[in-house]
>>> print(open('input-v3.txt').read())   # compact mmCIF, C-alpha atoms
# COMPACT_ATOMS: atom_id res chain seq x y z
CA MET J 10 25.92 -60.44 -10.60
CA THR J 11 26.74 -56.80 -10.04
CA ARG J 12 26.76 -54.08 -12.63
CA TYR J 13 28.12 -50.51 -12.25
CA THR J 14 26.74 -47.18 -13.27
CA GLU J 15 28.75 -44.68 -15.31
CA PRO J 16 30.58 -42.47 -14.59
CA TYR J 17 30.62 -42.93 -10.82
CA ARG J 18 30.81 -46.74 -10.74
CA ILE J 19 27.96 -47.14 -8.27
CA PRO J 20 27.13 -50.86 -7.85
CA CYS J 21 23.67 -52.24 -8.41
CA PRO J 22 22.26 -55.71 -8.98
CA GLU J 23 21.97 -56.93 -12.56
CA CYS J 24 18.22 -57.09 -13.20
CA ASN J 25 17.77 -58.39 -16.71
CA PRO J 26 15.81 -61.61 -16.42
CA PRO J 27 15.81 -64.27 -17.58
CA LEU J 28 19.45 -64.02 -18.74
CA THR J 29 20.81 -63.21 -15.29
CA LYS J 30 19.46 -63.67 -11.82
CA ASP J 31 18.87 -60.68 -9.58
CA THR J 32 21.29 -61.26 -6.74
CA ALA J 33 20.04 -58.44 -4.57
CA ASP J 34 20.50 -59.03 -0.90
CA ILE J 35 21.39 -57.00 2.12
CA ALA J 36 25.08 -56.85 1.15
CA ASP J 37 24.19 -55.09 -2.09
CA LEU J 38 22.55 -52.31 -0.13
CA ARG J 39 25.64 -51.98 2.05
CA ASP J 40 27.92 -51.87 -1.00
CA LEU J 41 25.72 -49.24 -2.61
CA ALA J 42 25.76 -47.12 0.56
CA LEU J 43 29.54 -47.32 0.92
CA VAL J 44 30.30 -46.44 -2.69
CA VAL J 45 27.85 -43.54 -2.71
CA ASP J 46 29.40 -42.41 0.57
CA THR J 47 32.86 -42.27 -1.04
CA VAL J 48 31.65 -40.54 -4.20
CA VAL J 49 29.65 -37.88 -2.35
CA GLU J 50 32.46 -37.27 0.11
CA GLU J 51 34.91 -36.59 -2.74
CA ILE J 52 32.47 -34.14 -4.32
CA ALA J 53 31.78 -32.43 -0.99
CA VAL J 54 35.49 -32.07 -0.18
CA GLN J 55 36.25 -30.71 -3.64
CA ALA J 56 33.37 -28.23 -3.46
CA ASP J 57 34.55 -27.07 -0.06
CA ASN J 58 38.20 -26.76 -1.18
CA VAL J 59 37.48 -24.86 -4.36
CA LEU J 60 34.23 -23.00 -3.88
CA ILE J 61 33.35 -22.57 -0.24
CA SER J 62 36.46 -22.54 1.92
CA PRO J 63 39.59 -22.29 -0.25
CA ASP J 64 42.71 -22.46 1.92
CA THR J 65 43.17 -19.03 3.46
CA GLY J 66 45.60 -17.87 6.11
CA ILE J 67 46.12 -14.51 7.76
CA MET J 68 48.81 -13.59 10.29
CA LEU J 69 49.58 -10.35 12.10
CA ASN J 70 52.16 -8.71 14.27
CA THR J 71 50.38 -6.98 17.09
CA GLY J 72 53.53 -5.27 18.31
CA THR J 73 56.52 -3.66 16.67
CA GLN J 74 59.68 -4.82 14.95
CA ILE J 75 62.67 -2.49 15.02
CA SER J 76 65.76 -3.02 12.94
CA SER J 77 68.51 -1.16 11.17
CA ALA J 78 69.55 -4.20 9.13
CA LEU J 79 69.34 -3.97 5.37
CA ASP J 80 67.46 -7.26 4.93
CA ASN J 81 64.95 -8.57 7.46
CA ILE J 82 62.44 -11.37 7.73
CA LEU J 83 59.10 -9.90 8.70
CA ALA J 84 58.05 -11.32 12.06
CA PHE J 85 54.48 -12.23 13.02
CA ASN J 86 53.02 -13.21 16.38
CA SER J 87 49.28 -13.69 15.91
CA GLN J 88 47.14 -15.88 13.67
CA GLU J 89 43.86 -14.38 12.48
CA MET J 90 42.73 -17.24 10.26
CA ASP J 91 43.79 -20.67 9.00
CA ASN J 92 40.99 -22.75 7.47
CA SER J 93 43.23 -25.36 5.83
CA ALA J 94 42.32 -28.98 6.53
CA THR J 95 45.71 -29.56 8.14
CA GLY J 96 45.80 -26.30 10.09
CA ASP J 97 49.39 -25.88 8.91
CA LEU J 98 48.94 -23.14 6.30
CA VAL J 99 49.89 -20.55 8.91
CA GLN J 100 53.06 -21.45 10.80
CA ILE J 101 53.18 -18.56 13.20
CA ALA J 102 56.24 -19.73 15.12
CA GLN J 103 58.25 -19.43 11.90
CA SER J 104 56.39 -16.30 10.69
CA ARG J 105 55.50 -18.03 7.43
CA PHE J 106 52.90 -19.75 5.31
CA GLN J 107 53.31 -23.25 3.92
CA ALA J 108 51.06 -24.16 0.99
CA GLN J 109 49.05 -27.28 1.84
CA GLN J 110 47.67 -27.71 -1.68
CA THR J 111 49.13 -26.98 -5.09
CA GLY J 112 47.48 -24.07 -6.88
CA PHE J 113 47.36 -20.36 -7.61
CA TYR J 114 47.40 -18.16 -4.53
CA MET J 115 46.77 -14.50 -3.87
CA ILE J 116 49.36 -13.15 -1.44
CA THR J 117 49.32 -9.77 0.29
CA VAL J 118 51.52 -8.14 2.90
CA GLY J 119 51.42 -4.71 4.47
CA ALA J 120 53.09 -2.83 7.29
CA PHE J 121 53.16 0.53 8.94
CA MET J 122 56.52 2.14 9.43
CA THR J 123 58.19 4.98 11.18
CA MET J 124 61.64 6.16 10.23
CA GLY J 125 63.82 8.94 11.44
CA LEU J 126 65.65 11.85 9.90
CA GLY J 127 68.58 10.98 7.73
CA GLY J 128 69.64 10.39 4.20
CA PRO J 129 67.56 8.80 1.49
CA LEU J 130 65.84 5.73 2.80
CA ARG J 131 63.79 3.53 0.55
CA PRO J 132 62.31 0.73 2.60
CA GLY J 133 60.55 -2.00 0.70
CA LEU J 134 58.49 -5.09 1.32
CA ALA J 135 58.89 -8.30 -0.65
CA VAL J 136 57.36 -11.75 -1.00
CA ASP J 137 59.85 -14.58 -0.49
CA VAL J 138 59.00 -18.05 -1.85
CA ASN J 139 61.35 -20.86 -0.81
CA GLY J 140 64.08 -18.34 0.00
CA ILE J 141 63.84 -16.45 -3.27
CA VAL J 142 62.59 -12.88 -3.22
CA SER J 143 60.26 -12.65 -6.15
CA THR J 144 58.02 -9.67 -5.75
CA GLY J 145 58.68 -6.43 -4.00
CA LYS J 146 57.70 -2.85 -3.74
CA GLY J 147 59.79 0.06 -2.51
CA GLN J 148 58.68 3.33 -1.08
CA THR J 149 60.33 6.57 -2.03
CA VAL J 150 59.56 9.21 0.54
CA ALA J 151 61.06 12.47 1.69
CA SER J 152 63.99 12.13 4.06
CA THR J 153 62.12 13.58 6.97
CA THR J 154 60.50 11.75 9.83
CA ILE J 155 57.50 9.97 8.43
CA THR J 156 54.92 7.47 9.45
CA GLY J 157 53.15 5.59 6.74
CA GLY J 158 52.32 2.30 5.20
CA LEU J 159 53.41 0.05 2.44
CA GLY J 160 51.83 -2.99 0.87
CA VAL J 161 52.63 -5.62 -1.73
CA HIS J 162 50.31 -8.05 -3.47
CA ASP J 163 51.06 -10.87 -5.86
CA THR J 164 49.53 -13.96 -7.41
CA ARG J 165 51.75 -17.03 -7.37
CA PHE J 166 51.52 -20.67 -8.39
CA LEU J 167 52.66 -22.69 -5.39
CA SER J 168 53.29 -26.39 -4.97
CA ALA J 169 52.20 -28.12 -1.79
CA GLY J 170 55.01 -27.61 0.71
CA ASP J 171 56.27 -24.30 -0.68
CA ILE J 172 57.25 -21.79 1.99
CA VAL J 173 56.14 -18.16 1.78
CA ARG J 174 57.78 -15.54 3.96
CA PHE J 175 58.06 -11.78 3.80
CA ARG J 176 61.02 -9.43 3.87
CA TRP J 177 61.50 -5.77 4.39
CA ILE J 178 64.55 -4.26 2.89
CA ALA J 179 66.22 -0.87 3.33
CA ASP J 180 69.03 0.85 1.44
CA THR J 181 70.71 2.37 4.49
CA ASN J 182 71.27 1.17 8.02
CA LEU J 183 68.91 3.69 9.56
CA SER J 184 66.52 2.36 12.15
CA VAL J 185 62.98 1.65 11.00
CA THR J 186 60.11 0.67 13.24
CA LEU J 187 57.50 -1.55 11.68
CA SER J 188 54.17 -2.18 13.34
CA ASN J 189 50.86 -3.92 12.67
CA HIS J 190 52.25 -6.09 9.89
CA ARG J 191 49.57 -8.11 8.14
CA ALA J 192 50.19 -10.94 5.69
CA ALA J 193 47.57 -13.09 4.00
CA ILE J 194 47.35 -15.90 1.48
CA SER J 195 44.31 -17.37 -0.24
CA ARG J 196 44.05 -20.17 -2.79
CA LEU J 197 42.34 -18.93 -5.92
CA ALA J 198 42.40 -21.92 -8.27
CA MET O 30 21.43 -53.02 14.13
CA PRO O 31 21.79 -50.84 11.05
CA ASP O 32 25.21 -49.29 10.44
CA THR O 33 26.16 -45.94 8.92
CA THR O 34 28.74 -45.04 6.30
CA PRO O 35 31.98 -43.56 7.63
CA GLU O 36 31.96 -40.15 5.94
CA ARG O 37 28.42 -39.02 5.25
CA GLY O 38 26.54 -41.14 7.78
CA TYR O 39 24.13 -42.92 5.40
CA GLU O 40 22.22 -45.70 7.14
CA TYR O 41 22.28 -49.21 5.68
CA PRO O 42 21.13 -52.61 7.06
CA CYS O 43 23.42 -55.37 8.28
CA TYR O 44 23.02 -59.13 8.35
CA GLY O 45 20.76 -60.01 11.22
CA ASP O 46 18.52 -57.00 10.75
CA PRO O 47 14.89 -57.76 9.91
CA SER O 48 14.52 -57.88 6.17
CA ASP O 49 12.48 -54.85 5.12
CA PHE O 50 13.95 -53.79 1.81
CA PRO O 51 11.41 -51.09 0.97
CA THR O 52 11.96 -49.24 4.25
CA GLN O 53 15.71 -49.80 4.20
CA MET O 54 15.98 -48.56 0.62
CA GLN O 55 13.82 -45.57 1.46
CA THR O 56 16.01 -44.68 4.46
CA LEU O 57 19.19 -44.88 2.40
CA ALA O 58 17.70 -42.91 -0.49
CA THR O 59 16.40 -40.22 1.86
CA ASP O 60 19.77 -39.90 3.61
CA ILE O 61 21.55 -39.47 0.28
CA ASP O 62 18.95 -37.03 -1.03
CA THR O 63 19.13 -34.81 2.05
CA ASP O 64 22.93 -34.82 2.07
CA VAL O 65 23.36 -34.11 -1.65
CA GLN O 66 20.75 -31.34 -1.46
CA GLN O 67 22.73 -29.68 1.34
CA ILE O 68 25.94 -29.86 -0.72
CA VAL O 69 24.17 -28.35 -3.73
CA ASN O 70 22.65 -25.63 -1.53
CA ASP O 71 26.08 -24.78 -0.08
CA ILE O 72 27.59 -24.58 -3.56
CA ASN O 73 24.79 -22.32 -4.80
CA ASN O 74 24.34 -20.16 -1.70
CA ILE O 75 27.96 -19.84 -0.60
CA GLY O 76 30.43 -20.94 -3.26
CA LEU O 77 28.65 -19.42 -6.25
CA ALA O 78 27.20 -16.44 -4.39
CA ARG O 79 30.24 -14.89 -2.77
CA GLN O 80 29.56 -11.42 -1.47
CA SER O 81 31.25 -8.74 -3.54
CA ALA O 82 30.88 -5.09 -4.28
CA ARG O 83 32.59 -2.16 -5.96
CA MET O 84 31.97 1.37 -4.73
CA ILE O 85 32.93 4.35 -6.87
CA ARG O 86 33.34 8.06 -6.39
CA THR O 87 33.48 10.10 -9.57
CA ALA O 88 32.64 13.54 -8.13
CA VAL O 89 35.64 15.65 -7.14
CA LEU O 90 36.24 15.68 -3.38
CA ALA O 91 38.12 18.67 -1.90
CA VAL O 92 40.36 17.26 0.85
CA ALA O 93 41.56 19.73 3.46
CA ASN O 94 45.27 19.77 4.29
CA ASN O 95 46.39 17.15 6.85
CA THR O 96 42.85 15.99 7.64
CA GLN O 97 41.73 12.35 7.67
CA THR O 98 38.82 12.35 5.23
CA PRO O 99 36.47 9.40 4.61
CA VAL O 100 35.59 9.00 0.95
CA VAL O 101 31.83 9.22 0.40
CA PHE O 102 30.96 7.03 -2.58
CA ASP O 103 28.35 8.05 -5.10
CA SER O 104 27.56 4.72 -6.75
CA ALA O 105 28.14 1.00 -6.46
CA ALA O 106 28.05 -2.11 -8.55
CA GLN O 107 26.73 -5.14 -6.66
CA PRO O 108 25.87 -3.03 -3.63
CA PRO O 109 25.02 -5.34 -0.72
CA PHE O 110 27.66 -3.63 1.44
CA TRP O 111 26.67 -0.06 0.72
CA PRO O 112 23.30 1.57 1.51
CA GLY O 113 24.04 4.59 -0.69
CA ALA O 114 25.57 8.07 -0.36
CA THR O 115 27.77 7.19 2.59
CA SER O 116 31.40 6.46 3.32
CA THR O 117 30.74 3.53 5.64
CA ILE O 118 30.69 -0.03 4.35
CA THR O 119 28.97 -2.70 6.44
CA PHE O 120 30.00 -6.31 5.88
CA PRO O 121 26.92 -8.54 5.54
CA LYS O 122 28.64 -11.84 6.23
CA THR O 123 31.51 -13.30 8.25
CA ALA O 124 34.26 -14.35 5.84
CA ALA O 125 37.73 -13.60 4.50
CA TYR O 126 37.68 -10.79 1.94
CA LEU O 127 40.03 -9.25 -0.60
CA LEU O 128 39.94 -5.46 -0.35
CA MET O 129 41.34 -3.20 -3.06
CA ALA O 130 41.11 0.57 -3.28
CA ASN O 131 42.48 3.17 -5.65
CA THR O 132 42.53 6.92 -5.22
CA GLN O 133 43.52 9.49 -7.79
CA TRP O 134 44.69 12.97 -6.79
CA ASP O 135 44.99 16.30 -8.48
CA ILE O 136 48.56 17.21 -9.37
CA ALA O 137 50.68 18.84 -6.65
CA ASP O 138 54.33 18.20 -5.90
CA THR O 139 54.42 19.05 -2.20
CA GLY O 140 53.64 16.83 0.77
CA GLN O 141 52.35 13.28 0.71
CA ARG O 142 49.25 11.37 -0.35
CA ARG O 143 47.79 8.61 1.74
CA ALA O 144 44.96 6.08 1.44
CA ASP O 145 43.89 3.91 4.35
CA LEU O 146 41.46 0.98 4.56
CA ARG O 147 40.22 1.42 8.09
CA ARG O 148 37.90 -0.79 10.07
CA LEU O 149 35.69 1.23 12.41
CA THR O 150 33.90 -1.47 14.40
CA PRO O 151 34.28 -3.58 16.49
CA SER O 152 37.55 -1.65 17.02
CA ALA O 153 39.55 0.82 14.98
CA LEU O 154 42.17 -0.96 12.89
CA SER O 155 43.89 -0.06 9.64
CA PHE O 156 44.09 -3.06 7.31
CA ALA O 157 46.38 -1.35 4.82
CA VAL O 158 47.89 2.05 4.18
CA ASP O 159 49.59 3.39 1.09
CA LEU O 160 51.68 6.52 1.39
CA ARG O 161 53.68 8.28 -1.26
CA ASP O 162 55.08 11.67 -2.11
CA GLY O 163 53.28 14.19 -4.21
CA ILE O 164 54.54 14.42 -7.74
CA ALA O 165 55.08 17.28 -10.14
CA ALA O 166 53.18 17.37 -13.40
CA ALA O 167 56.41 17.22 -15.37
CA ALA O 168 57.28 13.87 -13.78
CA LEU O 169 54.03 12.22 -14.72
CA PRO O 170 53.75 9.94 -17.74
CA GLY O 171 51.02 10.97 -20.14
CA PHE O 172 47.93 12.29 -18.46
CA ASP O 173 48.17 10.15 -15.35
CA ASN O 174 47.51 11.63 -11.96
CA PRO O 175 49.14 10.55 -8.70
CA VAL O 176 47.44 7.49 -7.30
CA ASN O 177 47.37 5.48 -4.11
CA THR O 178 46.72 1.74 -4.37
CA VAL O 179 45.77 -0.25 -1.30
CA THR O 180 45.31 -4.02 -1.14
CA ALA O 181 44.65 -6.28 1.83
CA MET O 182 43.05 -9.54 2.77
CA CYS O 183 41.26 -9.71 6.08
CA LYS O 184 38.72 -11.71 8.03
CA VAL O 185 35.75 -9.72 9.25
CA THR O 186 32.57 -10.52 11.15
CA ALA O 187 29.09 -9.73 9.85
CA GLY O 188 28.23 -6.20 10.93
CA ASP O 189 31.82 -4.90 10.96
CA THR O 190 32.16 -1.50 9.31
CA MET O 191 34.95 0.04 7.26
CA GLN O 192 35.90 3.24 5.46
CA LEU O 193 38.35 4.25 2.79
CA ARG O 194 40.11 7.29 4.22
CA VAL O 195 42.46 9.69 2.49
CA LEU O 196 44.96 12.22 3.79
CA GLN O 197 47.14 14.74 2.01
CA THR O 198 49.76 17.16 3.25
CA SER O 199 50.25 19.48 0.29
CA GLY O 200 49.75 22.50 2.54
CA VAL O 201 46.46 23.53 0.98
CA ALA O 202 43.18 21.82 0.06
CA LEU O 203 43.69 19.31 -2.75
CA ASN O 204 41.15 17.60 -4.97
CA LEU O 205 40.64 13.86 -4.96
CA ILE O 206 39.66 13.21 -8.57
CA ALA O 207 38.25 9.72 -8.21
CA ALA O 208 38.21 6.70 -5.91
CA THR O 209 37.19 3.06 -6.11
CA PHE O 210 36.85 0.43 -3.41
CA SER O 211 36.34 -3.23 -4.33
CA ILE O 212 35.44 -6.05 -1.96
CA VAL O 213 35.45 -9.72 -2.93
CA GLU O 214 34.64 -12.60 -0.60
CA LEU O 215 37.39 -15.20 -0.79
CA SER O 216 36.69 -17.93 1.71
CA GLN O 217 34.94 -18.97 4.87
>>> encode(input="input-v3.txt", output="structure tokens")
Amino acid sequence: MTRYTEPYRIPCPECNPPLTKDTADIADLRDLALVVDTVVEEIAVQADNVLISPDTGIMLNTGTQISSALDNILAFNSQEMDNSATGDLVQIAQSRFQAQQTGFYMITVGAFMTMGLGGPLRPGLAVDVNGIVSTGKGQTVASTTITGGLGVHDTRFLSAGDIVRFRWIADTNLSVTLSNHRAAISRLA
Amino acid sequence: MPDTTPERGYEYPCYGDPSDFPTQMQTLATDIDTDVQQIVNDINNIGLARQSARMIRTAVLAVANNTQTPVVFDSAAQPPFWPGATSTITFPKTAAYLLMANTQWDIADTGQRRADLRRLTPSALSFAVDLRDGIAAAALPGFDNPVNTVTAMCKVTAGDTMQLRVLQTSGVALNLIAATFSIVELSQ
């Protein structure tokens, strides 16, 4: 007869003579090993997911992106990190992240920009979750030629499968050159 | 022949193996003990001991016009990254980090204010830059001063170095009133 420990339900022979007979044999040892294997693996995976290597992805654009459009998807061409179990947190071909686990995530994006002389130009960066722009930050600068940087950070609750992209938005059709874009996502809880 | 469990590799006997319960039990127990100890060590030494630091500058720093100026910090909380009285931070461990810096300027309404988280080694690379116009005292709410806020996540290798750099183009020297630079390890 087999009994089970609490709370992990680890099997062991019932050893309470003379009411029951100890049935220990080699199969009991195997069953014990397999159940402990499953329990420890779950704990190890959870510890790794939450404490040691929470899903984190970082992607970059090592070149430039030039546009005079008012609304643009930020393009990336290089993956710096993706430690998700699936390896699909960073989807560089689509310039996006896809959450592999449900949870709270820290999201950051930054870019350098150069813009020319002209009227008021207020370029901004924004976080886009499933096609909805939710968080953004504009830059108000003098209407002279400038080079500078802009960054946005946010904390979002994402469901597994949610898509995170990044936009840069201008209020006039003047050309802006973006370079060295960097976007990152890390699961917090 | 003994077999091993599929995930953690614990050894257990199979039918046909010589019956030696004490040794077989000892082998299984030892395997589990070693494995669980490693998990506990990883949780304690990595998961619950993430590297983090916060460097502060409270002394006024006069920043020359249009000159990239590294901020020399004067104190730190949790200082594994910072040997003291220097602008250069050295990362002790390979990992992904959250970097956040704030700078606070004296009031002047000309030119621009810039803060830059810049890696020095293995190659020069700016992780984040914040740039904004100067602002007149009349436009400020309360007693606030103009600030730059810089946030980035990055992966660095142990030994990489970084500085918080500031730049201002007011036309004359301008005081940086205060600066902070926080680093938190996020993941491996």
>>> interface_residues(input="input-v3.txt", of="chain J", to="chain O", cutoff="7 Å", atoms="only C-alpha atoms", output="ChimeraX atom specification")
/J:35,38-39,42-43,46,50,53,56,60-63,65,117,119,149-150,157-160,162,193
>>> residues_near_point(input="input-v3.txt", point="(60.2, -12.8, -6.3)", cutoff="12 Å", atoms="only C-alpha atoms", output="list in words")
Ile116, Leu134, Ala135, Val136, Asp137, Val138, Asn139, Gly140, Ile141, Val142, Ser143, Thr144, Gly145, Lys146, Val161, His162, Asp163, Thr164, Arg165, Phe166, Val173, Arg174, Phe175 and Arg176 of chain J
>>> closest_residue(input="input-v3.txt", among="J:Phe85, J:Phe121, J:Trp177, J:Tyr17", to="Phe106 of chain J", atoms="only C-alpha atoms")
J:Phe85
>>> atom_distance(input="input-v3.txt", atom1="atom CA of Asp40 of chain J", atom2="atom CA of Ile19 of chain J")
8.7 Å
>>> atom_distance(input="input-v3.txt", atom1="atom CA of Thr87 of chain O", atom2="atom CA of Gln133 of chain O")
10.2 Å
>>> atom_distance(input="input-v3.txt", atom1="atom CA of Thr95 of chain J", atom2="atom CA of Gln109 of chain J")
7.5 Å
>>> residues_around(input="input-v3.txt", residues="Ile178 of chain J", least_positions_apart="2", cutoff="9 Å", atoms="all atoms listed in the file", output="PyMOL selection string")
chain J and resi 78-82+131-135+147+176+180
>>> write_last_selection(input="input-v3.txt", atoms="C-alpha atoms", output="compact mmCIF listing (two decimals), in the frame of the given file")
# COMPACT_ATOMS: atom_id res chain seq x y z
CA ALA J 78 69.55 -4.20 9.13
CA LEU J 79 69.34 -3.97 5.37
CA ASP J 80 67.46 -7.26 4.93
CA ASN J 81 64.95 -8.57 7.46
CA ILE J 82 62.44 -11.37 7.73
CA ARG J 131 63.79 3.53 0.55
CA PRO J 132 62.31 0.73 2.60
CA GLY J 133 60.55 -2.00 0.70
CA LEU J 134 58.49 -5.09 1.32
CA ALA J 135 58.89 -8.30 -0.65
CA GLY J 147 59.79 0.06 -2.51
CA ARG J 176 61.02 -9.43 3.87
CA ASP J 180 69.03 0.85 1.44
